[in-house]
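**Student:** Handing over input_13.cif, mmCIF, C-alpha atoms and all ligand atoms.
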data_work
loop_
_atom_site.label_atom_id
_atom_site.label_comp_id
_atom_site.auth_asym_id
_atom_site.auth_seq_id
_atom_site.Cartn_x
_atom_site.Cartn_y
_atom_site.Cartn_z
CA MET A 220 0.00 0.00 0.00
CA TYR A 221 1.21 3.51 -0.75
CA LYS A 222 1.74 5.92 2.10
CA HIS A 223 3.23 8.96 0.34
CA ALA A 224 3.19 10.62 -3.06
CA ILE A 225 5.66 13.21 -4.27
CA VAL A 226 4.16 15.71 -6.70
CA ARG A 227 5.46 19.01 -8.03
CA ARG A 228 3.42 22.07 -8.90
CA PRO A 229 3.58 22.96 -12.61
CA GLY A 230 5.30 26.28 -13.29
CA ASN A 231 4.29 28.93 -15.83
CA SER A 232 6.99 27.46 -18.05
CA ALA A 233 4.83 24.32 -18.47
CA ARG A 234 3.63 25.95 -21.69
CA ARG A 235 7.12 25.32 -23.10
CA GLY A 236 7.21 21.66 -22.10
CA LEU A 237 8.13 18.95 -24.57
CA THR A 238 5.34 17.47 -26.61
CA SER A 239 5.08 15.70 -29.93
CA VAL A 240 1.29 15.53 -29.98
CA ASP A 241 -1.04 18.24 -31.21
CA ARG A 242 -4.00 18.33 -28.88
CA GLY A 243 -4.31 22.12 -28.86
CA LYS A 244 -2.86 25.00 -26.87
CA LEU A 245 -2.22 24.43 -23.18
CA ASP A 246 -4.71 26.13 -20.84
CA PHE A 247 -2.42 26.80 -17.88
CA ALA A 248 -5.17 27.61 -15.37
CA ARG A 249 -6.89 24.36 -16.24
CA LEU A 250 -3.61 22.44 -15.97
CA MET A 251 -3.22 23.78 -12.44
CA GLU A 252 -6.79 22.72 -11.63
CA GLN A 253 -6.21 19.23 -12.98
CA HIS A 254 -2.97 18.93 -11.06
CA ARG A 255 -4.65 20.10 -7.85
CA HIS A 256 -7.50 17.67 -8.40
CA TYR A 257 -5.00 14.85 -8.89
CA ALA A 258 -3.15 15.64 -5.66
CA ASN A 259 -6.44 15.98 -3.77
CA THR A 260 -7.65 12.64 -5.08
CA LEU A 261 -4.48 10.90 -3.91
CA ALA A 262 -4.91 12.57 -0.52
CA ARG A 263 -8.53 11.44 -0.34
CA LEU A 264 -7.34 7.89 -1.01
CA GLY A 265 -5.17 8.13 2.08
CA LEU A 266 -1.75 9.21 0.79
CA GLU A 267 0.32 11.88 2.44
CA ILE A 268 1.16 14.36 -0.33
CA ILE A 269 4.60 15.91 -0.49
CA GLU A 270 4.18 18.84 -2.84
CA LEU A 271 7.38 20.34 -4.20
CA GLU A 272 7.71 23.89 -5.53
CA ALA A 273 7.39 24.62 -9.24
CA LEU A 274 10.70 24.68 -11.12
CA GLU A 275 10.42 27.35 -13.80
CA GLU A 276 13.72 26.38 -15.39
CA PHE A 277 12.40 22.86 -16.03
CA PRO A 278 9.06 23.03 -17.87
CA ASP A 279 8.37 19.29 -17.53
CA ALA A 280 9.45 18.85 -13.91
CA TYR A 281 5.90 18.26 -12.63
CA PHE A 282 6.08 14.85 -14.33
CA THR A 283 7.90 13.58 -11.24
CA GLU A 284 7.59 9.93 -12.20
CA ASP A 285 10.31 10.31 -14.81
CA VAL A 286 13.17 11.32 -12.50
CA ALA A 287 13.29 8.32 -10.17
CA ILE A 288 11.95 4.88 -9.51
CA VAL A 289 11.18 3.85 -5.97
CA THR A 290 11.00 0.37 -4.48
CA PRO A 291 10.64 -0.52 -0.80
CA GLU A 292 14.42 -0.95 -0.67
CA ALA A 293 15.82 2.06 -2.54
CA ALA A 294 15.19 4.96 -4.87
CA VAL A 295 17.10 5.01 -8.13
CA ILE A 296 17.62 8.48 -9.55
CA MET A 297 17.21 8.34 -13.31
CA ARG A 298 19.20 10.11 -15.99
CA PRO A 299 16.36 11.47 -18.14
CA GLY A 300 16.66 11.03 -21.86
CA ALA A 301 15.68 14.56 -22.89
CA ASP A 302 18.44 17.17 -22.46
CA SER A 303 15.94 19.71 -21.17
CA ARG A 304 14.93 17.37 -18.35
CA ARG A 305 18.29 16.05 -17.19
CA GLY A 306 18.78 18.65 -14.47
CA GLU A 307 15.45 17.86 -12.82
CA THR A 308 17.03 15.02 -10.90
CA LEU A 309 19.05 17.36 -8.65
CA HIS A 310 15.75 18.72 -7.35
CA ILE A 311 14.22 15.42 -6.30
CA THR A 312 17.04 13.90 -4.26
CA ASP A 313 16.32 15.73 -0.98
CA ALA A 314 12.70 14.63 -0.94
CA LEU A 315 13.59 11.01 -1.69
CA ALA A 316 16.61 10.80 0.63
CA LYS A 317 14.25 11.23 3.59
CA PHE A 318 12.68 7.89 2.73
CA ARG A 319 15.17 5.74 0.85
CA GLN A 320 18.80 5.00 0.17
CA LEU A 321 19.65 6.59 -3.21
CA LYS A 322 21.25 4.93 -6.22
CA TYR A 323 21.99 6.55 -9.58
CA ILE A 324 21.88 5.88 -13.31
CA THR A 325 25.05 7.29 -14.83
CA ASP A 326 26.42 8.30 -18.24
CA PRO A 327 26.14 6.79 -20.89
CA GLY A 328 22.88 5.45 -19.52
CA ILE A 329 19.64 7.30 -19.97
CA VAL A 330 16.37 6.16 -18.41
CA ASP A 331 13.03 7.90 -17.88
CA GLY A 332 10.96 6.52 -15.01
CA GLY A 333 8.00 6.35 -17.40
CA ASP A 334 9.75 3.46 -19.12
CA VAL A 335 10.05 1.35 -15.98
CA LEU A 336 7.38 -0.97 -14.67
CA ILE A 337 8.05 -2.60 -11.32
CA MET A 338 5.92 -5.56 -10.29
CA GLU A 339 6.83 -5.76 -6.65
CA ALA A 340 4.99 -8.94 -5.69
CA MET A 341 6.71 -10.76 -8.56
CA ARG A 342 10.10 -9.13 -7.90
CA HIS A 343 10.09 -8.20 -11.57
CA CYS A 344 11.29 -5.07 -13.31
CA ILE A 345 10.54 -4.37 -16.97
CA VAL A 346 12.34 -1.56 -18.78
CA GLY A 347 11.14 -0.37 -22.17
CA LEU A 348 13.69 1.05 -24.57
CA SER A 349 12.52 4.31 -26.12
CA ALA A 350 13.83 7.63 -27.36
CA ARG A 351 14.35 8.42 -23.63
CA THR A 352 15.77 5.11 -22.39
CA ASN A 353 18.77 3.30 -23.84
CA GLN A 354 20.27 -0.15 -23.41
CA PRO A 355 23.13 0.94 -21.08
CA GLY A 356 20.65 2.74 -18.84
CA ALA A 357 18.27 -0.20 -18.79
CA GLU A 358 21.14 -2.56 -17.95
CA GLN A 359 22.36 -0.32 -15.14
CA LEU A 360 18.89 -0.19 -13.64
CA CYS A 361 18.38 -3.96 -13.88
CA GLY A 362 21.81 -4.42 -12.28
CA ILE A 363 20.96 -2.15 -9.36
CA LEU A 364 17.58 -3.81 -8.78
CA SER A 365 19.06 -7.30 -9.03
CA GLU A 366 20.90 -6.49 -5.76
CA TYR A 367 17.45 -6.45 -4.16
CA GLY A 368 16.30 -9.66 -5.80
CA TYR A 369 14.46 -8.24 -8.80
CA ARG A 370 14.56 -10.05 -12.13
CA GLY A 371 14.98 -7.60 -14.99
CA ASP A 372 13.63 -7.68 -18.52
CA ILE A 373 14.48 -5.16 -21.22
CA VAL A 374 11.99 -4.79 -24.03
CA ASP A 375 12.33 -2.88 -27.27
CA LEU A 376 9.01 -1.61 -28.54
CA GLY A 377 10.66 0.09 -31.51
CA VAL A 378 12.68 3.18 -30.77
CA ASP A 379 12.04 4.64 -34.24
CA ALA A 380 8.31 4.09 -34.35
CA PRO A 381 7.09 3.70 -30.80
CA GLU A 382 3.40 3.48 -30.05
CA ALA A 383 3.74 6.19 -27.41
CA LEU A 384 6.31 8.19 -25.48
CA HIS A 385 7.01 5.70 -22.69
CA PHE A 386 6.53 2.00 -21.91
CA LYS A 387 4.00 2.85 -19.20
CA SER A 388 1.96 4.77 -21.75
CA SER A 389 0.96 1.25 -22.83
CA VAL A 390 1.35 -1.12 -19.85
CA ASN A 391 0.39 -0.59 -16.19
CA PHE A 392 -0.53 -2.79 -13.26
CA ILE A 393 -4.04 -2.80 -11.85
CA ASP A 394 -3.33 -5.32 -9.11
CA SER A 395 -0.28 -7.30 -8.10
CA HIS A 396 -0.69 -9.84 -10.94
CA THR A 397 -2.87 -8.05 -13.51
CA LEU A 398 -1.90 -5.55 -16.19
CA LEU A 399 -3.88 -3.16 -18.33
CA VAL A 400 -2.19 -3.16 -21.75
CA THR A 401 -2.63 -1.94 -25.30
CA GLN A 402 -3.17 -4.59 -27.96
CA SER A 403 0.37 -4.15 -29.31
CA CYS A 404 1.89 -5.09 -25.92
CA PHE A 405 -0.38 -8.06 -25.25
CA HIS A 406 2.01 -10.61 -26.72
CA LEU A 407 5.24 -9.42 -25.12
CA ASP A 408 7.11 -12.44 -23.73
CA CYS A 409 8.12 -10.60 -20.58
CA LEU A 410 4.43 -10.14 -19.68
CA SER A 411 3.46 -13.78 -20.15
CA ALA A 412 3.22 -14.53 -16.42
CA TYR A 413 0.53 -11.89 -15.89
CA ARG A 414 -3.19 -11.76 -16.37
CA LYS A 415 -3.91 -8.99 -18.89
CA LEU A 416 -6.84 -6.79 -19.80
CA VAL A 417 -6.58 -5.06 -23.19
CA VAL A 418 -7.90 -1.55 -23.72
CA PRO A 419 -10.34 -1.28 -26.65
CA GLU A 420 -8.98 -0.09 -29.98
CA GLY A 421 -8.97 3.71 -30.11
CA GLU A 422 -8.59 3.98 -26.31
CA GLU A 423 -4.83 3.33 -26.13
CA TYR A 424 -4.22 6.47 -24.07
CA ALA A 425 -6.38 4.97 -21.31
CA ALA A 426 -3.78 2.23 -20.70
CA ASN A 427 -2.01 4.82 -18.57
CA VAL A 428 -3.94 4.22 -15.38
CA VAL A 429 -2.57 4.40 -11.88
CA TRP A 430 -3.33 1.98 -9.05
CA ILE A 431 -3.79 3.76 -5.74
CA ASN A 432 -4.33 1.30 -2.92
CA GLY A 433 -7.01 -0.70 -4.71
CA THR A 434 -8.61 2.11 -6.70
CA ILE A 435 -7.72 2.68 -10.35
CA LEU A 436 -7.49 6.28 -11.54
CA ILE A 437 -8.42 6.39 -15.21
CA PRO A 438 -8.39 9.33 -17.64
CA ASP A 439 -11.89 10.62 -18.33
CA GLY A 440 -13.53 10.01 -21.70
CA TYR A 441 -12.61 6.34 -22.16
CA PRO A 442 -15.89 4.51 -21.49
CA GLY A 443 -14.81 1.20 -23.02
CA THR A 444 -11.80 0.95 -20.73
CA GLN A 445 -13.77 2.04 -17.70
CA ARG A 446 -16.44 -0.59 -18.42
CA LEU A 447 -13.77 -3.26 -18.92
CA LEU A 448 -12.23 -2.45 -15.54
CA GLU A 449 -15.53 -2.25 -13.68
CA GLU A 450 -16.82 -5.49 -15.21
CA ASN A 451 -13.69 -7.18 -13.96
CA GLY A 452 -14.29 -5.95 -10.44
CA PHE A 453 -11.95 -2.97 -10.36
CA GLN A 454 -13.08 0.23 -8.72
CA THR A 455 -12.30 3.28 -10.87
CA ILE A 456 -12.23 7.06 -10.53
CA GLU A 457 -12.29 9.14 -13.71
CA MET A 458 -9.79 11.97 -13.77
CA PRO A 459 -9.71 15.08 -16.00
CA VAL A 460 -6.48 15.10 -17.99
CA SER A 461 -7.10 17.27 -21.08
CA GLU A 462 -4.18 19.62 -20.33
CA ILE A 463 -1.85 16.94 -19.00
CA SER A 464 -2.35 14.92 -22.17
CA LYS A 465 -1.56 17.95 -24.36
CA MET A 466 1.92 17.81 -22.83
CA GLU A 467 2.11 14.08 -23.58
CA GLY A 468 1.68 13.17 -19.95
CA GLY A 469 -0.68 10.83 -18.16
CA LEU A 470 -1.79 9.84 -14.70
CA THR A 471 1.23 7.80 -13.67
CA CYS A 472 3.67 10.56 -14.64
CA LEU A 473 2.35 13.09 -12.14
CA SER A 474 3.61 11.43 -8.98
CA LEU A 475 6.22 9.29 -7.36
CA ARG A 476 4.42 6.89 -5.08
CA LEU A 477 6.07 5.37 -2.01
CA THR A 478 5.00 2.45 0.16
C1 LIG A 501 8.04 14.89 -21.68
O1 LIG A 501 8.00 14.85 -22.92
O2 LIG A 501 9.00 14.50 -21.05
C2 LIG A 501 6.84 15.45 -20.95
N1 LIG A 501 6.25 16.49 -21.72
C3 LIG A 501 5.85 14.35 -20.68
C4 LIG A 501 6.36 13.29 -19.77
C5 LIG A 501 5.35 12.26 -19.47
N2 LIG A 501 5.85 11.29 -18.58
C6 LIG A 501 5.51 10.00 -18.61
O3 LIG A 501 4.82 9.55 -19.51
N3 LIG A 501 6.04 9.22 -17.68
#
Take the structure in the file and write it out as structure tokens.
**Tutor:**
Amino acid sequence: MYKHAIVRRPGNSARRGLTSVDRGKLDFARLMEQHRHYANTLARLGLEIIELEALEEFPDAYFTEDVAIVTPEAAVIMRPGADSRRGETLHITDALAKFRQLKYITDPGIVDGGDVLIMEAMRHCIVGLSARTNQPGAEQLCGILSEYGYRGDIVDLGVDAPEALHFKSSVNFIDSHTLLVTQSCFHLDCLSAYRKLVVPEGEEYAANVVWINGTILIPDGYPGTQRLLEENGFQTIEMPVSEISKMEGGLTCLSLRLT
């Protein structure tokens, strides 16, 4: 169960964040509302929220998931793949050092936390290669986590023509042994041990759900995915994400969750 979540307020510079999708111009006031709603929802679900100050010099820094991965044993500080995001890591270490021993991904490795799925009950770590995560980085991370008994798999979804920005855009856990996946990830060998639910065609964005202590937060406007989850006994809460998605983000990216 999660006890804490680290979030960061978006800064005015969020308008200049990286994005390769065209979903319209960012409405900053609405982004702030959606971010506030997200933090409040996590708090309502029982998490203590650690809210960090906005970092104007790093327009994407409110996507805190990308700068570290956290297990019960340690926090690994990533080396983000985008140049404009690399310096974000310096601003997360203090918050994480209060809770965990810190380890680091180093040059020539690059890894974004959005490419790392940890299945704690299975002691399994899956790293997706992407434009933001390379083989040396993935190997470093698997090496670090192997010290704590995690088995590591590295999967290449196609760096040149990826389905989405990060691995967790397409694959997320909804309980300790069940994943919500897009059709194109269904057959991945490294996921064969898990039960899988597949989001309906056209709802691929909705694969980015986040499990919060038994409740699944799901982006609003994806009725097929919501029905699929509810019919399989999962409790869901719909979350507004219009502005977050314009910046190519999703629900997992907005927090670092700690047990
Ligand atoms: C970026 O391109 O880095 C941000 N605009 C979005 C990051 C989203 N993070 C995630 O999917 N884990």
**Student:** List as a VMD selection string the protein and nucleic acid residues near Glu267 in chain A, meaning an atom at most 7 Å away when all atoms listed in the file are counted, but skip any in the same chain fewer than 2 places from it.
**Tutor:** chain A and resid 222 to 224 262 265 269
**Student:** To check your reading of the model: which residues sit at most 10 Å from ligand LIG 501 (chain A) when counting all atoms listed in the file? Write the answer as number ranges by chain.
**Tutor:** A: 233-240, 278-286, 299-304, 331-335, 351, 383-389, 427, 463-474
**Student:** Which residue, A:Phe277, A:Phe405, A:Phe247, A:Tyr367, has the smallest gap to Pro291 in chain A when you use all atoms listed in the file?
**Tutor:** A:Tyr367
**Student:** Kindly extract all protein, DNA and RNA residues lying within 9 Å of the coordinates (17.6, 6.6, -9.0) given in the file, considering all atoms listed in the file, and supply them as a count of residues only.
**Tutor:** 18
**Student:** Please, what is the axis-aligned box for every listed atom of range 353-368 of chain A with 6 Å on each side, as centre and edge lengths in Å to one decimal, as lines of an AutoDock Vina configuration file?
**Tutor:**
center_x = 19.7
center_y = -3.2
center_z = -14.0
size_x = 18.8
size_y = 25.0
size_z = 31.7
**Student:** Which value, in Å to one decimal, gives the distance between CA of Tyr369 in chain A and CA of Met341 in chain A?
**Tutor:**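 Going from CA of Tyr369 in chain A over to CA of Met341 in chain A covers 8.2 Å.
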**Student:** So which residues touch His343 in chain A within 10 Å, counting only C-alpha atoms, skipping near sequence neighbours fewer than 6 positions away, as a list in words?
**Tutor:**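 Contacts, with the query itself left out: Leu336, Ile337, Cys361, Leu364, Ser365, Gly368, Tyr369, Arg370, Gly371, Asp372 and Cys409 of chain A.
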**Student:** Counting all atoms listed in the file, figure out which residue out of A:Asp241, A:Leu271, A:Asp394, A:Cys344 gets nearest to Leu315 in chain A.
**Tutor:**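 Once distances to Leu315 in chain A are computed over all atoms listed in the file, the minimum belongs to A:Leu271.
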**Student:** Interatomic distance between CA of His310 in chain A and CA of Pro327 in chain A?
**Tutor:**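 Atom-to-atom, CA of His310 in chain A and CA of Pro327 in chain A are spaced 20.8 Å apart.
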**Student:** Mind pulling up the distance from CA of Arg227 in chain A to CA of Glu275 in chain A?
**Tutor:**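 Taking CA of Glu275 in chain A and CA of Arg227 in chain A, their separation equals 11.3 Å.
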**Student:** Please check which residues have atoms at most 10 Å from (-5.9, 0.2, -26.8) in the file's coordinates, counting all atoms listed in the file, and write them as number ranges by chain.
**Tutor:** A: 389, 399-404, 416-426, 443-444
**Student:** Nearest to Val374 in chain A among A:Val346, A:Asn259, A:Ser395, A:Ala357, with distances taken over all atoms listed in the file: which residue is it?
**Tutor:**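 Of A:Val346, A:Asn259, A:Ser395, A:Ala357, the one nearest Val374 in chain A, counting all atoms listed in the file, is A:Val346.
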**Student:** Here is a test: counting all atoms listed in the file, which residue of A:Asp326, A:Glu457, A:Glu450, A:Glu358 is nearest to Ile435 in chain A?
**Tutor:** A:Glu457
**Student:** Measuring between all atoms listed in the file, which one of A:Leu410, A:Leu475, A:Met220, A:Ile393 shows the shortest distance to Ile311 in chain A?
**Tutor:**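 The answer is A:Leu475, which sits nearest to Ile311 in chain A.
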**Student:** Hey, could you patch up range 370-406 of chain A with N, CA and C atoms and hand it over as an mmCIF file, keeping the file's coordinate frame?
**Tutor:**
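Just written: out.cif:
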data_model
loop_
_atom_site.group_PDB
_atom_site.id
_atom_site.type_symbol
_atom_site.label_atom_id
_atom_site.label_comp_id
_atom_site.auth_asym_id
_atom_site.auth_seq_id
_atom_site.Cartn_x
_atom_site.Cartn_y
_atom_site.Cartn_z
ATOM 1 N N ARG A 370 14.205 -9.568 -10.809
ATOM 2 C CA ARG A 370 14.560 -10.050 -12.130
ATOM 3 C C ARG A 370 14.273 -8.926 -13.106
ATOM 4 N N GLY A 371 15.162 -8.717 -14.057
ATOM 5 C CA GLY A 371 14.980 -7.600 -14.990
ATOM 6 C C GLY A 371 14.744 -8.083 -16.410
ATOM 7 N N ASP A 372 13.839 -7.434 -17.099
ATOM 8 C CA ASP A 372 13.630 -7.680 -18.520
ATOM 9 C C ASP A 372 13.734 -6.340 -19.238
ATOM 10 N N ILE A 373 14.374 -6.376 -20.402
ATOM 11 C CA ILE A 373 14.480 -5.160 -21.220
ATOM 12 C C ILE A 373 13.730 -5.427 -22.499
ATOM 13 N N VAL A 374 12.832 -4.530 -22.861
ATOM 14 C CA VAL A 374 11.990 -4.790 -24.030
ATOM 15 C C VAL A 374 12.078 -3.601 -24.988
ATOM 16 N N ASP A 375 12.204 -3.939 -26.255
ATOM 17 C CA ASP A 375 12.330 -2.880 -27.270
ATOM 18 C C ASP A 375 11.036 -2.800 -28.067
ATOM 19 N N LEU A 376 10.293 -1.746 -27.833
ATOM 20 C CA LEU A 376 9.010 -1.610 -28.540
ATOM 21 C C LEU A 376 9.189 -0.919 -29.888
ATOM 22 N N GLY A 377 10.419 -0.594 -30.238
ATOM 23 C CA GLY A 377 10.660 0.090 -31.510
ATOM 24 C C GLY A 377 10.964 1.546 -31.264
ATOM 25 N N VAL A 378 12.255 1.829 -31.124
ATOM 26 C CA VAL A 378 12.680 3.180 -30.770
ATOM 27 C C VAL A 378 12.305 4.179 -31.864
ATOM 28 N N ASP A 379 12.317 3.706 -33.134
ATOM 29 C CA ASP A 379 12.040 4.640 -34.240
ATOM 30 C C ASP A 379 10.558 4.889 -34.439
ATOM 31 N N ALA A 380 9.751 3.908 -34.137
ATOM 32 C CA ALA A 380 8.310 4.090 -34.350
ATOM 33 C C ALA A 380 7.537 3.578 -33.143
ATOM 34 N N PRO A 381 7.753 4.201 -32.008
ATOM 35 C CA PRO A 381 7.090 3.700 -30.800
ATOM 36 C C PRO A 381 5.596 4.032 -30.838
ATOM 37 N N GLU A 382 4.840 3.230 -30.120
ATOM 38 C CA GLU A 382 3.400 3.480 -30.050
ATOM 39 C C GLU A 382 3.126 4.770 -29.264
ATOM 40 N N ALA A 383 3.953 5.032 -28.272
ATOM 41 C CA ALA A 383 3.740 6.190 -27.410
ATOM 42 C C ALA A 383 5.083 6.588 -26.813
ATOM 43 N N LEU A 384 5.058 7.645 -26.005
ATOM 44 C CA LEU A 384 6.310 8.190 -25.480
ATOM 45 C C LEU A 384 7.076 7.189 -24.602
ATOM 46 N N HIS A 385 6.357 6.550 -23.673
ATOM 47 C CA HIS A 385 7.010 5.700 -22.690
ATOM 48 C C HIS A 385 6.354 4.304 -22.643
ATOM 49 N N PHE A 386 7.076 3.357 -22.068
ATOM 50 C CA PHE A 386 6.530 2.000 -21.910
ATOM 51 C C PHE A 386 5.224 2.030 -21.110
ATOM 52 N N LYS A 387 5.217 2.829 -20.025
ATOM 53 C CA LYS A 387 4.000 2.850 -19.200
ATOM 54 C C LYS A 387 2.881 3.681 -19.814
ATOM 55 N N SER A 388 3.104 4.245 -21.003
ATOM 56 C CA SER A 388 1.960 4.770 -21.750
ATOM 57 C C SER A 388 1.075 3.602 -22.178
ATOM 58 N N SER A 389 1.650 2.405 -22.237
ATOM 59 C CA SER A 389 0.960 1.250 -22.830
ATOM 60 C C SER A 389 0.738 0.081 -21.889
ATOM 61 N N VAL A 390 1.436 0.037 -20.759
ATOM 62 C CA VAL A 390 1.350 -1.120 -19.850
ATOM 63 C C VAL A 390 1.391 -0.624 -18.402
ATOM 64 N N ASN A 391 0.380 -0.963 -17.610
ATOM 65 C CA ASN A 391 0.390 -0.590 -16.190
ATOM 66 C C ASN A 391 -0.272 -1.670 -15.360
ATOM 67 N N PHE A 392 0.114 -1.770 -14.095
ATOM 68 C CA PHE A 392 -0.530 -2.790 -13.260
ATOM 69 C C PHE A 392 -1.811 -2.265 -12.639
ATOM 70 N N ILE A 393 -2.774 -3.171 -12.487
ATOM 71 C CA ILE A 393 -4.040 -2.800 -11.850
ATOM 72 C C ILE A 393 -4.295 -3.652 -10.608
ATOM 73 N N ASP A 394 -3.507 -4.686 -10.418
ATOM 74 C CA ASP A 394 -3.330 -5.320 -9.110
ATOM 75 C C ASP A 394 -1.997 -6.044 -9.184
ATOM 76 N N SER A 395 -1.655 -6.809 -8.152
ATOM 77 C CA SER A 395 -0.280 -7.300 -8.100
ATOM 78 C C SER A 395 0.056 -8.289 -9.227
ATOM 79 N N HIS A 396 -0.963 -8.865 -9.873
ATOM 80 C CA HIS A 396 -0.690 -9.840 -10.940
ATOM 81 C C HIS A 396 -1.425 -9.521 -12.241
ATOM 82 N N THR A 397 -2.068 -8.372 -12.322
ATOM 83 C CA THR A 397 -2.870 -8.050 -13.510
ATOM 84 C C THR A 397 -2.409 -6.738 -14.123
ATOM 85 N N LEU A 398 -2.336 -6.747 -15.459
ATOM 86 C CA LEU A 398 -1.900 -5.550 -16.190
ATOM 87 C C LEU A 398 -3.010 -5.054 -17.095
ATOM 88 N N LEU A 399 -3.060 -3.757 -17.283
ATOM 89 C CA LEU A 399 -3.880 -3.160 -18.330
ATOM 90 C C LEU A 399 -2.912 -2.804 -19.454
ATOM 91 N N VAL A 400 -3.168 -3.322 -20.656
ATOM 92 C CA VAL A 400 -2.190 -3.160 -21.750
ATOM 93 C C VAL A 400 -2.892 -2.726 -23.035
ATOM 94 N N THR A 401 -2.130 -2.164 -23.946
ATOM 95 C CA THR A 401 -2.630 -1.940 -25.300
ATOM 96 C C THR A 401 -2.457 -3.251 -26.081
ATOM 97 N N GLN A 402 -3.218 -3.356 -27.154
ATOM 98 C CA GLN A 402 -3.170 -4.590 -27.960
ATOM 99 C C GLN A 402 -1.734 -4.904 -28.387
ATOM 100 N N SER A 403 -0.966 -3.873 -28.762
ATOM 101 C CA SER A 403 0.370 -4.150 -29.310
ATOM 102 C C SER A 403 1.326 -4.687 -28.242
ATOM 103 N N CYS A 404 0.998 -4.558 -26.972
ATOM 104 C CA CYS A 404 1.890 -5.090 -25.920
ATOM 105 C C CYS A 404 1.407 -6.431 -25.381
ATOM 106 N N PHE A 405 0.235 -6.847 -25.821
ATOM 107 C CA PHE A 405 -0.380 -8.060 -25.250
ATOM 108 C C PHE A 405 0.548 -9.271 -25.356
ATOM 109 N N HIS A 406 1.241 -9.378 -26.473
ATOM 110 C CA HIS A 406 2.010 -10.610 -26.720
ATOM 111 C C HIS A 406 3.467 -10.546 -26.237
#
